[in-house]
There are 2 protein chains.
Amino acid sequence: MNIGEAAKASGVNAKLIRYYESIGLIPEAGRTASGYRVYTAQEVNILRFVKRARSLGFSIERIQMLVGLWRDKHRASAEVKRIALAHIDELEAKIAELQAMADTLRELAATCHGDDRPDCPILKDLESPGCCQEVA
Amino acid sequence: MNIGEAAKASGVNAKLIRYYESIGLIPEAGRTASGYRVYTAQEVNILRFVKRARSLGFSIERIQMLVGLWRDKHRASAEVKRIALAHIDELEAKIAELQAMADTLRELAATCHGDDRPDCPILKDLESPGCCQEVA
DNA sequence: CTTGACCTTCCAGTCATTGGAAACCTCATG
DNA sequence: CATGAGGTTTCCAATGACTGGAAGGTCAAG
């Protein structure tokens with residue numbers, strides 16, 4: 001299996017596979033005599049694992065830890081759960097932050113005529129944030 | 001007012017002020033004979049405007065447009081509202097995405113013992129995503 | 001005159017990719 | 001056996017929005 005086939009099988013772009021190898025997230029692939037990378041089914045599994053973890057928003061750094069735990073047959077689930085819970089906390093913090101931004105903007109947009117008149121409460125708020133804003 | 005004072009007055013880091021100038025987000029500041037940047041109260045206002053807009057999650061590109069509209073006395077509020085609404089849509093899309101990740105992870109974490117046993121449903125899902133996942 | 005706090009520029013790094021250039025390999029066809 | 005298309009290789013650069021540091025110039029107080 002060369003890199004293009006591994007890409008198709010795993011859903012991870014060939015370019016990205018090389019990148020993951022270069023940063024040490026995945027082990028170095030074997031090579032043919034002429035230098036082409038060669039992949040086994042197990043390596044494709046790792047790529048799928050990485051892809052799934054990225055889709056859940058884990059950072060590369062955390063995925064390194066998860067891959068390590070995954071490859072370790074004697075891993076304890078406690079550590080995995082700890083990483084997952086920490087990640088959930090971060091996701092929730094980010095969600096709350098974006099939610100606060102959206103709430104503020106919705107309020108401002110609601111009071112904006114949205115017509116040809118030059119008087120715009122959105123710009124007014126950007127100039128000097130008013131009374132009802134929680135986003136610092 | 002030099003850059004340090006402008007930073008204190010606007011809440012925008014001196015380093016960041018120089019960066020904003022370098023990318024053309026704010027106009028080039030005046031200079032003293034010895035080359036120090038000089039800021040007026042109006043320029044500090046722009047910096048505050050930028051800071052507020054960033055805190056609402058607007059991209060630099062969008063802020064460029066907003067600053068343009070803000071400085072234009074004959075601006076129409078329609079354009080500002082359009083930008084704000086587009087931004088709200090993006091925020092909501094991002095929120096939904098993170099929410100889906102967090103929901104999936106919460107489900108997985110709930111079924112994970114989190115003890116010394118090596119059997120971990122979180123890793124199992126990363127290996128091969130199960131039945132209940134919506135995050136692609 | 002010296003010290004320390006400021007200011008200047010430029011360059012590099014962050015994170016997770018993506019894009020392109022130039023050169024090499026493989027395979028099927030003519 | 002040559003040719004061409006479509007792989008693959010490496011390396012370098014860019015994205016967005018900063019942040020950090022190095023090396024050097026300036027200013028005000030002591």
# chains A, B, ... in the order shown; residues from 1 in each chain; ligands from 1
call {"tool": "residues_around", "arguments": {"residues": "Gln64 (chain B)", "least_positions_apart": "3", "cutoff": "10 Å", "atoms": "only C-alpha atoms (C1' of nucleotides)", "output": "number ranges by chain"}}
result
B: 24-26, 50, 58-61, 67-70
call {"tool": "interface_residues", "arguments": {"of": "chain A", "to": "chain C", "cutoff": "10 Å", "atoms": "only C-alpha atoms (C1' of nucleotides)", "output": "ChimeraX atom specification"}}
result
/A:15-16,19-20,34-36,59-60
call {"tool": "residues_around", "arguments": {"residues": "Ala102 (chain A)", "least_positions_apart": "5", "cutoff": "9 Å", "atoms": "only C-alpha atoms (C1' of nucleotides)", "output": "list in words"}}
result
Glu97 and Glu107 of chain A; Leu56, Gly57, His87, Ile88, Asp89, Leu91 and Glu92 of chain B
call {"tool": "select_by_dssp", "arguments": {"residues": "region 8-133 of chain B", "states": "strand (DSSP E or B)", "output": "ChimeraX atom specification"}}
result
/B:30-31,37-38
call {"tool": "write_last_selection", "arguments": {"atoms": "N, CA and C atoms", "output": "PDB file, in the first residue's frame"}}
result
ATOM      1  N   GLY B  30       1.931  58.872  13.253  1.00  0.00           N
ATOM      2  CA  GLY B  30       2.943  59.904  13.066  1.00  0.00           C
ATOM      3  C   GLY B  30       4.207  59.536  13.823  1.00  0.00           C
ATOM      4  N   ARG B  31       5.282  60.279  13.584  1.00  0.00           N
ATOM      5  CA  ARG B  31       6.547  59.970  14.244  1.00  0.00           C
ATOM      6  C   ARG B  31       7.181  61.219  14.818  1.00  0.00           C
ATOM      7  N   ARG B  37       6.679  56.439  17.467  1.00  0.00           N
ATOM      8  CA  ARG B  37       5.307  56.624  16.997  1.00  0.00           C
ATOM      9  C   ARG B  37       4.540  57.547  17.932  1.00  0.00           C
ATOM     10  N   VAL B  38       3.662  58.366  17.341  1.00  0.00           N
ATOM     11  CA  VAL B  38       2.847  59.305  18.122  1.00  0.00           C
ATOM     12  C   VAL B  38       1.378  59.044  17.841  1.00  0.00           C
TER      13      VAL B  38
END
call {"tool": "closest_atom_pairs", "arguments": {"of": "chain D", "to": "chain A", "cutoff": "10 Å", "atoms": "only C-alpha atoms (C1' of nucleotides)", "output": "Markdown table"}}
result
| residue | atom | partner | partner_atom | distance |
| --- | --- | --- | --- | --- |
| D:DG7 | C1' | A:Gly4 | CA | 8.2 |
| D:DT8 | C1' | A:Tyr36 | CA | 6.4 |
| D:DT9 | C1' | A:Gly35 | CA | 7.4 |
call {"tool": "write_last_selection", "arguments": {"atoms": "C-alpha atoms (C1' of nucleotides)", "output": "mmCIF file, in the first residue's frame"}}
result
data_model
loop_
_atom_site.group_PDB
_atom_site.id
_atom_site.type_symbol
_atom_site.label_atom_id
_atom_site.label_comp_id
_atom_site.auth_asym_id
_atom_site.auth_seq_id
_atom_site.Cartn_x
_atom_site.Cartn_y
_atom_site.Cartn_z
ATOM 1 C "C1'" DG D 7 1.912 8.737 -9.038
ATOM 2 C "C1'" DT D 8 5.698 9.922 -5.467
ATOM 3 C "C1'" DT D 9 9.734 12.399 -3.167
#
call {"tool": "interface_residues", "arguments": {"of": "chain A", "to": "chain B", "cutoff": "7 Å", "atoms": "only C-alpha atoms", "output": "PyMOL selection string"}}
result
chain A and resi 49+52-53+55-57+70+74-78+81+84+88+91+95+98+101-102+105+109+112-120+123+126-127+135-136
call {"tool": "atom_distance", "arguments": {"atom1": "C1' of DT19 (chain D)", "atom2": "CA of Ala86 (chain A)"}}
result
25.2 Å
call {"tool": "decode", "arguments": {"residues": "region 3-27 of chain D", "atoms": "N, CA and C atoms (P, O5', C5', C4', C3', O3' and C1' of nucleotides)", "output": "PDB file, in the first residue's frame"}}
result
ATOM      1  P    DT D   3      11.301   9.672 -26.697  1.00  0.00           P
ATOM      2  O5'  DT D   3       9.762   9.904 -26.358  1.00  0.00           O
ATOM      3  C5'  DT D   3       8.755   9.222 -27.106  1.00  0.00           C
ATOM      4  C4'  DT D   3       7.465   9.227 -26.304  1.00  0.00           C
ATOM      5  C3'  DT D   3       7.302  10.417 -25.356  1.00  0.00           C
ATOM      6  O3'  DT D   3       6.046  11.017 -25.598  1.00  0.00           O
ATOM      7  C1'  DT D   3       6.809   8.390 -24.250  1.00  0.00           C
ATOM      8  P    DG D   4       5.799  12.577 -25.242  1.00  0.00           P
ATOM      9  O5'  DG D   4       4.421  12.508 -24.441  1.00  0.00           O
ATOM     10  C5'  DG D   4       3.491  11.481 -24.748  1.00  0.00           C
ATOM     11  C4'  DG D   4       2.701  11.117 -23.507  1.00  0.00           C
ATOM     12  C3'  DG D   4       2.518  12.273 -22.523  1.00  0.00           C
ATOM     13  O3'  DG D   4       1.153  12.292 -22.126  1.00  0.00           O
ATOM     14  C1'  DG D   4       3.403  10.384 -21.389  1.00  0.00           C
ATOM     15  P    DA D   5       0.524  13.551 -21.381  1.00  0.00           P
ATOM     16  O5'  DA D   5      -0.381  12.823 -20.293  1.00  0.00           O
ATOM     17  C5'  DA D   5      -0.939  11.542 -20.584  1.00  0.00           C
ATOM     18  C4'  DA D   5      -1.229  10.812 -19.285  1.00  0.00           C
ATOM     19  C3'  DA D   5      -1.649  11.722 -18.123  1.00  0.00           C
ATOM     20  O3'  DA D   5      -2.707  11.083 -17.436  1.00  0.00           O
ATOM     21  C1'  DA D   5       0.259  10.474 -17.499  1.00  0.00           C
ATOM     22  P    DG D   6      -3.594  11.820 -16.347  1.00  0.00           P
ATOM     23  O5'  DG D   6      -3.046  11.174 -14.994  1.00  0.00           O
ATOM     24  C5'  DG D   6      -3.054   9.760 -14.815  1.00  0.00           C
ATOM     25  C4'  DG D   6      -2.088   9.409 -13.696  1.00  0.00           C
ATOM     26  C3'  DG D   6      -2.302  10.227 -12.413  1.00  0.00           C
ATOM     27  O3'  DG D   6      -2.345   9.338 -11.324  1.00  0.00           O
ATOM     28  C1'  DG D   6      -0.053  10.199 -13.009  1.00  0.00           C
ATOM     29  P    DG D   7      -2.974   9.702  -9.959  1.00  0.00           P
ATOM     30  O5'  DG D   7      -1.648  10.174  -9.213  1.00  0.00           O
ATOM     31  C5'  DG D   7      -1.314   9.630  -7.962  1.00  0.00           C
ATOM     32  C4'  DG D   7      -0.222   8.594  -8.061  1.00  0.00           C
ATOM     33  C3'  DG D   7       0.794   8.705  -6.922  1.00  0.00           C
ATOM     34  O3'  DG D   7       0.494   7.723  -5.942  1.00  0.00           O
ATOM     35  C1'  DG D   7       1.912   8.737  -9.038  1.00  0.00           C
ATOM     36  P    DT D   8       0.672   8.073  -4.478  1.00  0.00           P
ATOM     37  O5'  DT D   8       2.202   8.531  -4.361  1.00  0.00           O
ATOM     38  C5'  DT D   8       3.218   7.532  -4.336  1.00  0.00           C
ATOM     39  C4'  DT D   8       4.574   8.193  -4.475  1.00  0.00           C
ATOM     40  C3'  DT D   8       4.956   9.116  -3.327  1.00  0.00           C
ATOM     41  O3'  DT D   8       5.550   8.394  -2.261  1.00  0.00           O
ATOM     42  C1'  DT D   8       5.698   9.922  -5.467  1.00  0.00           C
ATOM     43  P    DT D   9       5.958   9.166  -0.952  1.00  0.00           P
ATOM     44  O5'  DT D   9       7.218  10.042  -1.412  1.00  0.00           O
ATOM     45  C5'  DT D   9       8.507   9.408  -1.536  1.00  0.00           C
ATOM     46  C4'  DT D   9       9.558  10.445  -1.905  1.00  0.00           C
ATOM     47  C3'  DT D   9       9.666  11.598  -0.920  1.00  0.00           C
ATOM     48  O3'  DT D   9      10.487  11.253   0.174  1.00  0.00           O
ATOM     49  C1'  DT D   9       9.734  12.399  -3.167  1.00  0.00           C
ATOM     50  P    DT D  10      10.472  12.147   1.463  1.00  0.00           P
ATOM     51  O5'  DT D  10      11.182  13.498   0.976  1.00  0.00           O
ATOM     52  C5'  DT D  10      12.570  13.496   0.663  1.00  0.00           C
ATOM     53  C4'  DT D  10      12.964  14.882   0.168  1.00  0.00           C
ATOM     54  C3'  DT D  10      12.866  15.945   1.272  1.00  0.00           C
ATOM     55  O3'  DT D  10      14.146  16.485   1.538  1.00  0.00           O
ATOM     56  C1'  DT D  10      11.710  16.651  -0.724  1.00  0.00           C
ATOM     57  P    DC D  11      14.361  17.424   2.778  1.00  0.00           P
ATOM     58  O5'  DC D  11      13.961  18.857   2.214  1.00  0.00           O
ATOM     59  C5'  DC D  11      14.548  19.310   0.990  1.00  0.00           C
ATOM     60  C4'  DC D  11      13.914  20.632   0.585  1.00  0.00           C
ATOM     61  C3'  DC D  11      13.696  21.600   1.761  1.00  0.00           C
ATOM     62  O3'  DC D  11      14.165  22.899   1.410  1.00  0.00           O
ATOM     63  C1'  DC D  11      11.692  21.324   0.538  1.00  0.00           C
ATOM     64  P    DC D  12      14.351  24.008   2.560  1.00  0.00           P
ATOM     65  O5'  DC D  12      13.899  25.333   1.792  1.00  0.00           O
ATOM     66  C5'  DC D  12      13.368  25.252   0.464  1.00  0.00           C
ATOM     67  C4'  DC D  12      12.141  26.130   0.317  1.00  0.00           C
ATOM     68  C3'  DC D  12      11.916  27.127   1.462  1.00  0.00           C
ATOM     69  O3'  DC D  12      11.611  28.386   0.886  1.00  0.00           O
ATOM     70  C1'  DC D  12       9.963  25.873   1.097  1.00  0.00           C
ATOM     71  P    DA D  13      11.411  29.667   1.833  1.00  0.00           P
ATOM     72  O5'  DA D  13       9.876  30.034   1.573  1.00  0.00           O
ATOM     73  C5'  DA D  13       9.298  29.871   0.277  1.00  0.00           C
ATOM     74  C4'  DA D  13       7.817  30.147   0.358  1.00  0.00           C
ATOM     75  C3'  DA D  13       7.439  31.173   1.418  1.00  0.00           C
ATOM     76  O3'  DA D  13       6.427  32.020   0.898  1.00  0.00           O
ATOM     77  C1'  DA D  13       6.258  29.169   1.794  1.00  0.00           C
ATOM     78  P    DA D  14       6.051  33.351   1.730  1.00  0.00           P
ATOM     79  O5'  DA D  14       4.507  33.088   2.017  1.00  0.00           O
ATOM     80  C5'  DA D  14       3.611  32.791   0.945  1.00  0.00           C
ATOM     81  C4'  DA D  14       2.342  32.246   1.539  1.00  0.00           C
ATOM     82  C3'  DA D  14       1.787  33.079   2.694  1.00  0.00           C
ATOM     83  O3'  DA D  14       0.551  33.682   2.326  1.00  0.00           O
ATOM     84  C1'  DA D  14       1.781  30.738   3.195  1.00  0.00           C
ATOM     85  P    DT D  15      -0.035  34.816   3.324  1.00  0.00           P
ATOM     86  O5'  DT D  15      -1.161  34.002   4.109  1.00  0.00           O
ATOM     87  C5'  DT D  15      -2.195  33.317   3.426  1.00  0.00           C
ATOM     88  C4'  DT D  15      -2.875  32.389   4.388  1.00  0.00           C
ATOM     89  C3'  DT D  15      -3.401  33.075   5.645  1.00  0.00           C
ATOM     90  O3'  DT D  15      -4.791  33.346   5.483  1.00  0.00           O
ATOM     91  C1'  DT D  15      -2.403  30.911   6.083  1.00  0.00           C
ATOM     92  P    DG D  16      -5.332  34.795   5.889  1.00  0.00           P
ATOM     93  O5'  DG D  16      -6.184  34.524   7.197  1.00  0.00           O
ATOM     94  C5'  DG D  16      -5.831  33.492   8.074  1.00  0.00           C
ATOM     95  C4'  DG D  16      -6.311  33.802   9.479  1.00  0.00           C
ATOM     96  C3'  DG D  16      -6.264  35.277   9.906  1.00  0.00           C
ATOM     97  O3'  DG D  16      -7.155  35.430  10.990  1.00  0.00           O
ATOM     98  C1'  DG D  16      -4.505  34.102  10.943  1.00  0.00           C
ATOM     99  P    DA D  17      -7.646  36.845  11.459  1.00  0.00           P
ATOM    100  O5'  DA D  17      -6.764  37.045  12.776  1.00  0.00           O
ATOM    101  C5'  DA D  17      -6.969  36.164  13.860  1.00  0.00           C
ATOM    102  C4'  DA D  17      -5.843  36.317  14.839  1.00  0.00           C
ATOM    103  C3'  DA D  17      -5.449  37.776  15.149  1.00  0.00           C
ATOM    104  O3'  DA D  17      -5.279  37.895  16.545  1.00  0.00           O
ATOM    105  C1'  DA D  17      -3.578  36.550  14.621  1.00  0.00           C
ATOM    106  P    DC D  18      -5.336  39.316  17.214  1.00  0.00           P
ATOM    107  O5'  DC D  18      -3.849  39.789  16.942  1.00  0.00           O
ATOM    108  C5'  DC D  18      -2.856  39.775  17.922  1.00  0.00           C
ATOM    109  C4'  DC D  18      -2.266  38.394  18.132  1.00  0.00           C
ATOM    110  C3'  DC D  18      -1.183  38.379  19.206  1.00  0.00           C
ATOM    111  O3'  DC D  18      -1.717  37.767  20.374  1.00  0.00           O
ATOM    112  C1'  DC D  18      -0.578  37.082  17.268  1.00  0.00           C
ATOM    113  P    DT D  19      -1.129  38.302  21.782  1.00  0.00           P
ATOM    114  O5'  DT D  19       0.331  37.637  21.826  1.00  0.00           O
ATOM    115  C5'  DT D  19       0.482  36.252  21.976  1.00  0.00           C
ATOM    116  C4'  DT D  19       1.958  35.917  21.925  1.00  0.00           C
ATOM    117  C3'  DT D  19       2.823  36.821  22.812  1.00  0.00           C
ATOM    118  O3'  DT D  19       3.494  35.981  23.743  1.00  0.00           O
ATOM    119  C1'  DT D  19       3.774  36.552  20.652  1.00  0.00           C
ATOM    120  P    DG D  20       4.307  36.599  24.936  1.00  0.00           P
ATOM    121  O5'  DG D  20       5.805  36.343  24.446  1.00  0.00           O
ATOM    122  C5'  DG D  20       6.193  35.056  23.996  1.00  0.00           C
ATOM    123  C4'  DG D  20       7.582  35.139  23.399  1.00  0.00           C
ATOM    124  C3'  DG D  20       8.500  36.127  24.106  1.00  0.00           C
ATOM    125  O3'  DG D  20       9.530  35.414  24.789  1.00  0.00           O
ATOM    126  C1'  DG D  20       8.608  36.363  21.706  1.00  0.00           C
ATOM    127  P    DG D  21      10.647  36.108  25.559  1.00  0.00           P
ATOM    128  O5'  DG D  21      11.826  36.291  24.503  1.00  0.00           O
ATOM    129  C5'  DG D  21      12.218  35.206  23.667  1.00  0.00           C
ATOM    130  C4'  DG D  21      13.267  35.686  22.693  1.00  0.00           C
ATOM    131  C3'  DG D  21      14.300  36.633  23.320  1.00  0.00           C
ATOM    132  O3'  DG D  21      15.602  36.250  22.891  1.00  0.00           O
ATOM    133  C1'  DG D  21      13.310  37.651  21.423  1.00  0.00           C
ATOM    134  P    DA D  22      16.851  36.797  23.648  1.00  0.00           P
ATOM    135  O5'  DA D  22      17.713  37.436  22.474  1.00  0.00           O
ATOM    136  C5'  DA D  22      17.754  36.785  21.191  1.00  0.00           C
ATOM    137  C4'  DA D  22      18.298  37.754  20.152  1.00  0.00           C
ATOM    138  C3'  DA D  22      19.383  38.683  20.690  1.00  0.00           C
ATOM    139  O3'  DA D  22      20.392  38.828  19.686  1.00  0.00           O
ATOM    140  C1'  DA D  22      17.610  39.958  19.800  1.00  0.00           C
ATOM    141  P    DA D  23      21.826  39.355  20.100  1.00  0.00           P
ATOM    142  O5'  DA D  23      21.873  40.775  19.360  1.00  0.00           O
ATOM    143  C5'  DA D  23      21.426  40.867  18.004  1.00  0.00           C
ATOM    144  C4'  DA D  23      21.335  42.338  17.625  1.00  0.00           C
ATOM    145  C3'  DA D  23      22.335  43.220  18.375  1.00  0.00           C
ATOM    146  O3'  DA D  23      22.854  44.190  17.467  1.00  0.00           O
ATOM    147  C1'  DA D  23      20.143  44.011  18.731  1.00  0.00           C
ATOM    148  P    DG D  24      24.050  45.118  17.894  1.00  0.00           P
ATOM    149  O5'  DG D  24      23.393  46.571  17.935  1.00  0.00           O
ATOM    150  C5'  DG D  24      22.744  47.064  16.760  1.00  0.00           C
ATOM    151  C4'  DG D  24      21.730  48.094  17.174  1.00  0.00           C
ATOM    152  C3'  DG D  24      22.315  49.308  17.910  1.00  0.00           C
ATOM    153  O3'  DG D  24      22.114  50.474  17.103  1.00  0.00           O
ATOM    154  C1'  DG D  24      20.277  48.585  18.843  1.00  0.00           C
ATOM    155  P    DG D  25      22.733  51.839  17.556  1.00  0.00           P
ATOM    156  O5'  DG D  25      21.441  52.728  17.845  1.00  0.00           O
ATOM    157  C5'  DG D  25      20.549  53.011  16.755  1.00  0.00           C
ATOM    158  C4'  DG D  25      19.369  53.791  17.295  1.00  0.00           C
ATOM    159  C3'  DG D  25      19.744  55.097  17.987  1.00  0.00           C
ATOM    160  O3'  DG D  25      18.740  56.062  17.704  1.00  0.00           O
ATOM    161  C1'  DG D  25      18.593  53.709  19.504  1.00  0.00           C
ATOM    162  P    DT D  26      18.902  57.521  18.306  1.00  0.00           P
ATOM    163  O5'  DT D  26      17.929  57.503  19.573  1.00  0.00           O
ATOM    164  C5'  DT D  26      16.532  57.301  19.369  1.00  0.00           C
ATOM    165  C4'  DT D  26      15.770  57.677  20.637  1.00  0.00           C
ATOM    166  C3'  DT D  26      16.158  58.999  21.290  1.00  0.00           C
ATOM    167  O3'  DT D  26      14.967  59.621  21.692  1.00  0.00           O
ATOM    168  C1'  DT D  26      16.304  57.269  22.871  1.00  0.00           C
ATOM    169  P    DC D  27      14.870  61.178  21.959  1.00  0.00           P
ATOM    170  O5'  DC D  27      14.272  61.198  23.439  1.00  0.00           O
ATOM    171  C5'  DC D  27      13.340  60.180  23.832  1.00  0.00           C
ATOM    172  C4'  DC D  27      13.268  60.111  25.353  1.00  0.00           C
ATOM    173  C3'  DC D  27      13.630  61.405  26.090  1.00  0.00           C
ATOM    174  O3'  DC D  27      12.617  61.660  27.021  1.00  0.00           O
ATOM    175  C1'  DC D  27      14.860  59.584  26.962  1.00  0.00           C
TER     176       DC D  27
END
